[in-house]
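Engineer: Pasting upload-v5.json below, which is JSON, C-alpha atoms.
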[["chain", "number", "residue", "atom", "x", "y", "z"],
["A", 30, "MET", "CA", -1.82, -31.88, -15.41],
["A", 31, "LYS", "CA", -1.69, -28.52, -13.63],
["A", 32, "GLN", "CA", -3.71, -25.62, -14.99],
["A", 33, "LYS", "CA", -1.33, -22.79, -15.97],
["A", 34, "PHE", "CA", -1.66, -19.08, -15.27],
["A", 35, "THR", "CA", 0.37, -15.92, -15.70],
["A", 36, "ALA", "CA", 0.05, -13.05, -13.24],
["A", 37, "TRP", "CA", 1.39, -9.62, -12.40],
["A", 38, "SER", "CA", 1.44, -8.04, -8.95],
["A", 39, "ASP", "CA", 2.35, -4.77, -7.32],
["A", 40, "GLY", "CA", 2.17, -3.05, -3.95],
["A", 41, "SER", "CA", 2.35, 0.56, -2.97],
["A", 42, "CYS", "CA", 2.66, 2.49, 0.29],
["A", 43, "ASP", "CA", 3.17, 6.05, 1.45],
["A", 44, "ASN", "CA", 5.69, 5.56, 4.25],
["A", 45, "LEU", "CA", 5.90, 9.33, 4.86],
["A", 46, "ASN", "CA", 2.20, 9.55, 5.77],
["A", 47, "PRO", "CA", 1.67, 8.87, 9.51],
["A", 48, "ALA", "CA", -1.29, 6.58, 8.67],
["A", 49, "LYS", "CA", 0.99, 4.49, 6.39],
["A", 50, "PRO", "CA", -1.68, 3.90, 3.71],
["A", 51, "GLY", "CA", -0.97, 1.15, 1.22],
["A", 52, "GLY", "CA", -2.47, -0.76, -1.67],
["A", 53, "ALA", "CA", -1.97, -4.17, -3.26],
["A", 54, "ALA", "CA", -3.08, -5.29, -6.71],
["A", 55, "TYR", "CA", -2.85, -8.17, -9.14],
["A", 56, "VAL", "CA", -4.07, -9.43, -12.51],
["A", 57, "ILE", "CA", -4.18, -13.11, -13.50],
["A", 58, "PHE", "CA", -4.52, -14.54, -17.00],
["A", 59, "ASP", "CA", -5.25, -18.13, -17.99],
["A", 60, "ASP", "CA", -3.07, -20.10, -20.41],
["A", 61, "LYS", "CA", -5.03, -18.71, -23.38],
["A", 62, "GLY", "CA", -4.37, -15.11, -22.31],
["A", 63, "ASN", "CA", -7.89, -14.46, -21.04],
["A", 64, "LEU", "CA", -8.35, -12.41, -17.90],
["A", 65, "PHE", "CA", -9.01, -14.85, -15.06],
["A", 66, "ARG", "CA", -9.13, -12.45, -12.11],
["A", 67, "LYS", "CA", -8.15, -8.91, -11.21],
["A", 68, "SER", "CA", -8.27, -7.31, -7.77],
["A", 69, "SER", "CA", -6.92, -4.55, -5.55],
["A", 70, "LYS", "CA", -7.35, -3.49, -1.94],
["A", 71, "GLY", "CA", -6.15, -0.73, 0.36],
["A", 72, "PHE", "CA", -4.88, -0.85, 3.94],
["A", 73, "ILE", "CA", -3.80, 1.48, 6.72],
["A", 74, "GLY", "CA", -0.70, 0.94, 8.89],
["A", 75, "THR", "CA", 1.39, -1.04, 6.44],
["A", 76, "THR", "CA", 4.61, -0.99, 4.45],
["A", 77, "ASN", "CA", 5.47, -1.27, 0.77],
["A", 78, "ASN", "CA", 7.04, -4.72, 1.22],
["A", 79, "ARG", "CA", 3.94, -6.03, 3.03],
["A", 80, "MET", "CA", 1.75, -4.77, 0.18],
["A", 81, "GLU", "CA", 4.02, -6.40, -2.41],
["A", 82, "LEU", "CA", 3.82, -9.69, -0.49],
["A", 83, "LEU", "CA", 0.06, -9.40, -0.04],
["A", 84, "ALA", "CA", -0.44, -9.03, -3.79],
["A", 85, "ILE", "CA", 1.51, -12.26, -4.40],
["A", 86, "ILE", "CA", -0.31, -14.11, -1.61],
["A", 87, "SER", "CA", -3.61, -12.94, -3.07],
["A", 88, "ILE", "CA", -2.68, -14.41, -6.45],
["A", 89, "VAL", "CA", -1.95, -17.80, -4.89],
["A", 90, "ASN", "CA", -5.20, -17.64, -2.95],
["A", 91, "ALA", "CA", -7.23, -16.74, -6.06],
["A", 92, "LEU", "CA", -6.02, -19.68, -8.16],
["A", 93, "PRO", "CA", -7.74, -23.05, -8.32],
["A", 94, "PRO", "CA", -5.93, -25.84, -6.46],
["A", 95, "ASP", "CA", -3.32, -27.80, -8.39],
["A", 96, "SER", "CA", -2.22, -24.85, -10.52],
["A", 97, "HIS", "CA", 1.05, -23.44, -11.79],
["A", 98, "VAL", "CA", 1.56, -19.68, -12.02],
["A", 99, "THR", "CA", 4.29, -17.46, -13.35],
["A", 100, "ILE", "CA", 4.20, -14.25, -11.30],
["A", 101, "HIS", "CA", 5.77, -11.11, -12.71],
["A", 102, "THR", "CA", 6.79, -8.68, -9.98],
["A", 103, "ASP", "CA", 9.01, -5.63, -9.74],
["A", 104, "SER", "CA", 9.83, -6.51, -6.13],
["A", 105, "GLU", "CA", 13.25, -8.07, -5.81],
["A", 106, "TYR", "CA", 12.58, -8.11, -2.06],
["A", 107, "CYS", "CA", 9.61, -10.46, -2.51],
["A", 108, "ILE", "CA", 11.42, -12.83, -4.81],
["A", 109, "LYS", "CA", 14.39, -13.08, -2.44],
["A", 110, "ALA", "CA", 12.25, -13.29, 0.71],
["A", 111, "LEU", "CA", 9.92, -15.97, -0.68],
["A", 112, "LEU", "CA", 12.65, -18.09, -2.23],
["A", 113, "SER", "CA", 15.32, -17.85, 0.46],
["A", 114, "GLY", "CA", 15.25, -19.92, 3.59],
["A", 115, "HIS", "CA", 16.28, -16.98, 5.76],
["A", 116, "PRO", "CA", 13.92, -14.02, 5.47],
["A", 117, "GLN", "CA", 14.51, -11.19, 7.94],
["A", 118, "ALA", "CA", 11.08, -9.51, 8.11],
["A", 119, "ASN", "CA", 7.41, -10.11, 7.36],
["A", 120, "LEU", "CA", 7.71, -13.68, 8.57],
["A", 121, "ASP", "CA", 3.94, -13.95, 9.08],
["A", 122, "GLN", "CA", 3.21, -13.21, 5.44],
["A", 123, "ILE", "CA", 6.06, -15.36, 4.15],
["A", 124, "ALA", "CA", 4.84, -18.31, 6.24],
["A", 125, "HIS", "CA", 1.29, -17.73, 5.01],
["A", 126, "TYR", "CA", 2.49, -17.77, 1.38],
["A", 127, "HIS", "CA", 4.32, -21.08, 1.83],
["A", 128, "ARG", "CA", 1.39, -22.63, 3.70],
["A", 129, "LEU", "CA", -1.05, -21.60, 0.94],
["A", 130, "CYS", "CA", 1.19, -22.95, -1.83],
["A", 131, "SER", "CA", 1.55, -26.24, 0.00],
["A", 132, "GLU", "CA", -2.10, -26.69, 1.01],
["A", 133, "ARG", "CA", -3.42, -25.73, -2.43],
["A", 134, "ASN", "CA", -0.64, -27.44, -4.42],
["A", 135, "ILE", "CA", 0.26, -24.25, -6.26],
["A", 136, "SER", "CA", 3.67, -24.07, -7.93],
["A", 137, "VAL", "CA", 5.09, -20.61, -8.53],
["A", 138, "LEU", "CA", 7.76, -19.32, -10.87],
["A", 139, "PHE", "CA", 8.82, -15.70, -10.32],
["A", 140, "LYS", "CA", 9.92, -13.37, -13.07],
["A", 141, "TRP", "CA", 11.34, -9.99, -12.14],
["A", 142, "VAL", "CA", 10.22, -7.03, -14.26],
["A", 143, "LYS", "CA", 11.64, -3.55, -14.03],
["A", 144, "GLY", "CA", 9.07, -1.24, -12.46],
["A", 145, "HIS", "CA", 7.85, 1.85, -14.31],
["A", 146, "ALA", "CA", 9.49, 0.64, -17.50],
["A", 147, "GLY", "CA", 6.46, 0.18, -19.74],
["A", 148, "ASP", "CA", 5.40, -3.41, -18.92],
["A", 149, "GLU", "CA", 1.66, -3.10, -19.58],
["A", 150, "HIS", "CA", 0.42, -5.30, -16.75],
["A", 151, "ASN", "CA", 3.02, -4.09, -14.25],
["A", 152, "GLU", "CA", 1.89, -0.52, -14.97],
["A", 153, "GLU", "CA", -1.75, -1.59, -14.59],
["A", 154, "CYS", "CA", -1.08, -3.17, -11.19],
["A", 155, "ASP", "CA", 0.94, -0.15, -10.11],
["A", 156, "LEU", "CA", -1.96, 2.17, -10.95],
["A", 157, "MET", "CA", -4.46, -0.10, -9.18],
["A", 158, "ALA", "CA", -2.30, -0.28, -6.03],
["A", 159, "ARG", "CA", -1.65, 3.47, -5.97],
["A", 160, "THR", "CA", -5.37, 4.15, -6.45],
["A", 161, "GLU", "CA", -6.14, 1.97, -3.43],
["A", 162, "TYR", "CA", -3.61, 3.69, -1.20],
["A", 163, "GLN", "CA", -4.93, 7.07, -2.35],
["A", 164, "LYS", "CA", -8.44, 5.95, -1.33],
["A", 165, "MET", "CA", -7.03, 5.12, 2.09],
["A", 166, "CYS", "CA", -5.51, 8.62, 2.30],
["A", 167, "ASP", "CA", -8.85, 10.16, 1.33],
["A", 168, "ASP", "CA", -10.91, 7.97, 3.68],
["A", 169, "TYR", "CA", -8.63, 8.07, 6.70],
["A", 170, "THR", "CA", -7.57, 11.39, 8.13],
["A", 171, "PRO", "CA", -5.98, 11.03, 11.56],
["A", 172, "PRO", "CA", -6.81, 13.79, 14.03],
["A", 173, "SER", "CA", -4.21, 16.51, 14.13],
["A", 174, "THR", "CA", -2.22, 16.94, 17.29],
["A", 175, "SER", "CA", -3.40, 20.54, 17.73],
["A", 176, "SER", "CA", -7.10, 19.66, 17.48],
["A", 177, "ARG", "CA", -6.61, 16.77, 19.90],
["A", 178, "HIS", "CA", -5.00, 19.10, 22.44],
["A", 179, "LYS", "CA", -7.80, 21.65, 21.97],
["A", 180, "ASN", "CA", -10.44, 18.97, 22.57],
["A", 181, "LEU", "CA", -8.68, 17.70, 25.70],
["A", 182, "ALA", "CA", -8.32, 21.23, 27.06],
["A", 183, "LYS", "CA", -11.99, 21.91, 26.35],
["A", 184, "LYS", "CA", -13.05, 18.69, 28.15],
["A", 185, "LYS", "CA", -10.86, 19.62, 31.11],
["A", 186, "ARG", "CA", -12.42, 23.13, 31.32],
["A", 187, "ASN", "CA", -15.95, 21.67, 31.11],
["A", 188, "LYS", "CA", -15.13, 19.11, 33.81],
["A", 189, "ASN", "CA", -13.77, 21.83, 36.09],
["A", 190, "LYS", "CA", -16.90, 23.98, 35.52],
["A", 191, "SER", "CA", -19.20, 21.10, 36.49],
["A", 192, "LYS", "CA", -17.32, 20.61, 39.78],
["A", 193, "GLY", "CA", -17.56, 24.25, 40.72]]
Spit out the file's structure as structure tokens when you get a sec.

Structural biologist:
Amino acid sequence: MKQKFTAWSDGSCDNLNPAKPGGAAYVIFDDKGNLFRKSSKGFIGTTNNRMELLAIISIVNALPPDSHVTIHTDSEYCIKALLSGHPQANLDQIAHYHRLCSERNISVLFKWVKGHAGDEHNEECDLMARTEYQKMCDDYTPPSTSSRHKNLAKKKRNKNKSKG
């Protein structure tokens, strides 16, 4: 008999930021309602859909083999992409999800929840994911174009002085 779990997931990304910071988060509960695992992580150079997918993949990876999980997500994209036979993007992550489910004998049932509508665990995952992407914003500040040009001009002047 498969061990049963219930999980929530969320992903977040600032697509307007040139660094494209993102975060993924999940919480998993056992069949008695006890917290089994909770995690979040931030990334640079990503998209919201990739973070949503990563959160779901991370759930599957965190479960013991031969488990069943009901995953609550506010991402209609993920549900459609993972259940359809014809995804259009993020094929690497979708293939990884299917490989993990198969290798670990994890069965998944998806339940869509409306985002930002008061679902306690969806809100918790949203906050965790946004916190991670904010950490990425704080930790990673790409050099500005103007400072890069100033540094290049300075190096060029110094190089010309040394030749002279």

Engineer: Considering all atoms listed in the file, return as an MDAnalysis selection string whatever protein or nucleic-acid residues lie within 6 Å of region 72-89 of chain A, sequence-local ones (same chain, fewer than 5 positions apart) excluded.

Structural biologist: chainID A and resid 38:42 48:51 53:55 126

Engineer: Work out how far CA of Ser96 (chain A) is from CA of Phe65 (chain A), in Å to one decimal.

Structural biologist: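 We find that CA of Phe65 (chain A) and CA of Ser96 (chain A) lie 12.9 Å from each other.
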
Engineer: How many Å lie between CA of Ser68 (chain A) and CA of Leu45 (chain A), rounded to one decimal?

Structural biologist: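 Interatomic distance here is 25.2 Å.
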
Engineer: Residues near Lys143 (chain A), anyone? I mean within 12 Å using all atoms listed in the file, not counting same-chain ones fewer than 2 positions away, as a VMD selection string.

Structural biologist: chain A and resid 39 101 to 105 140 to 141 145 to 152 155

Engineer: Quote the spacing between CA of Asn134 (chain A) and CA of Asp95 (chain A) in Å to one decimal place.

Structural biologist: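 Those two atoms sit 4.8 Å apart.
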
Engineer: Looking at all atoms listed in the file, which of A:Asp168, A:Arg66, A:Gly144, A:Ala118 is the one that sits closest to Asn90 (chain A)?

Structural biologist: A:Arg66

Engineer: Pick the closest to Ala36 (chain A) from A:Tyr106, A:Ala124, A:Leu138, A:Asn119: which is it, counting all atoms listed in the file?

Structural biologist: A:Leu138

Engineer: Name the closest residue to Arg133 (chain A) among the candidates A:Lys70, A:His97, A:Lys33, A:Lys61; distances are taken between atoms, counting all atoms listed in the file.

Structural biologist: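 Nearest candidate to Arg133 (chain A) out of A:Lys70, A:His97, A:Lys33, A:Lys61: A:His97.
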
Engineer: I'd like to know which of A:Ile123, A:Glu161, A:Pro47, A:Trp37 is closest to Cys107 (chain A), using all atoms listed in the file.

Structural biologist: A:Ile123

Engineer: Which residue, A:Gln163, A:Thr35, A:Asn46, A:Ser69, has the smallest gap to Ile100 (chain A) when you use all atoms listed in the file?

Structural biologist: A:Thr35

Engineer: For Met165 (chain A), which residue among A:Pro93, A:Asp43, A:Ile57, A:Cys130 is the nearest when counting all atoms listed in the file?

Structural biologist: A:Asp43
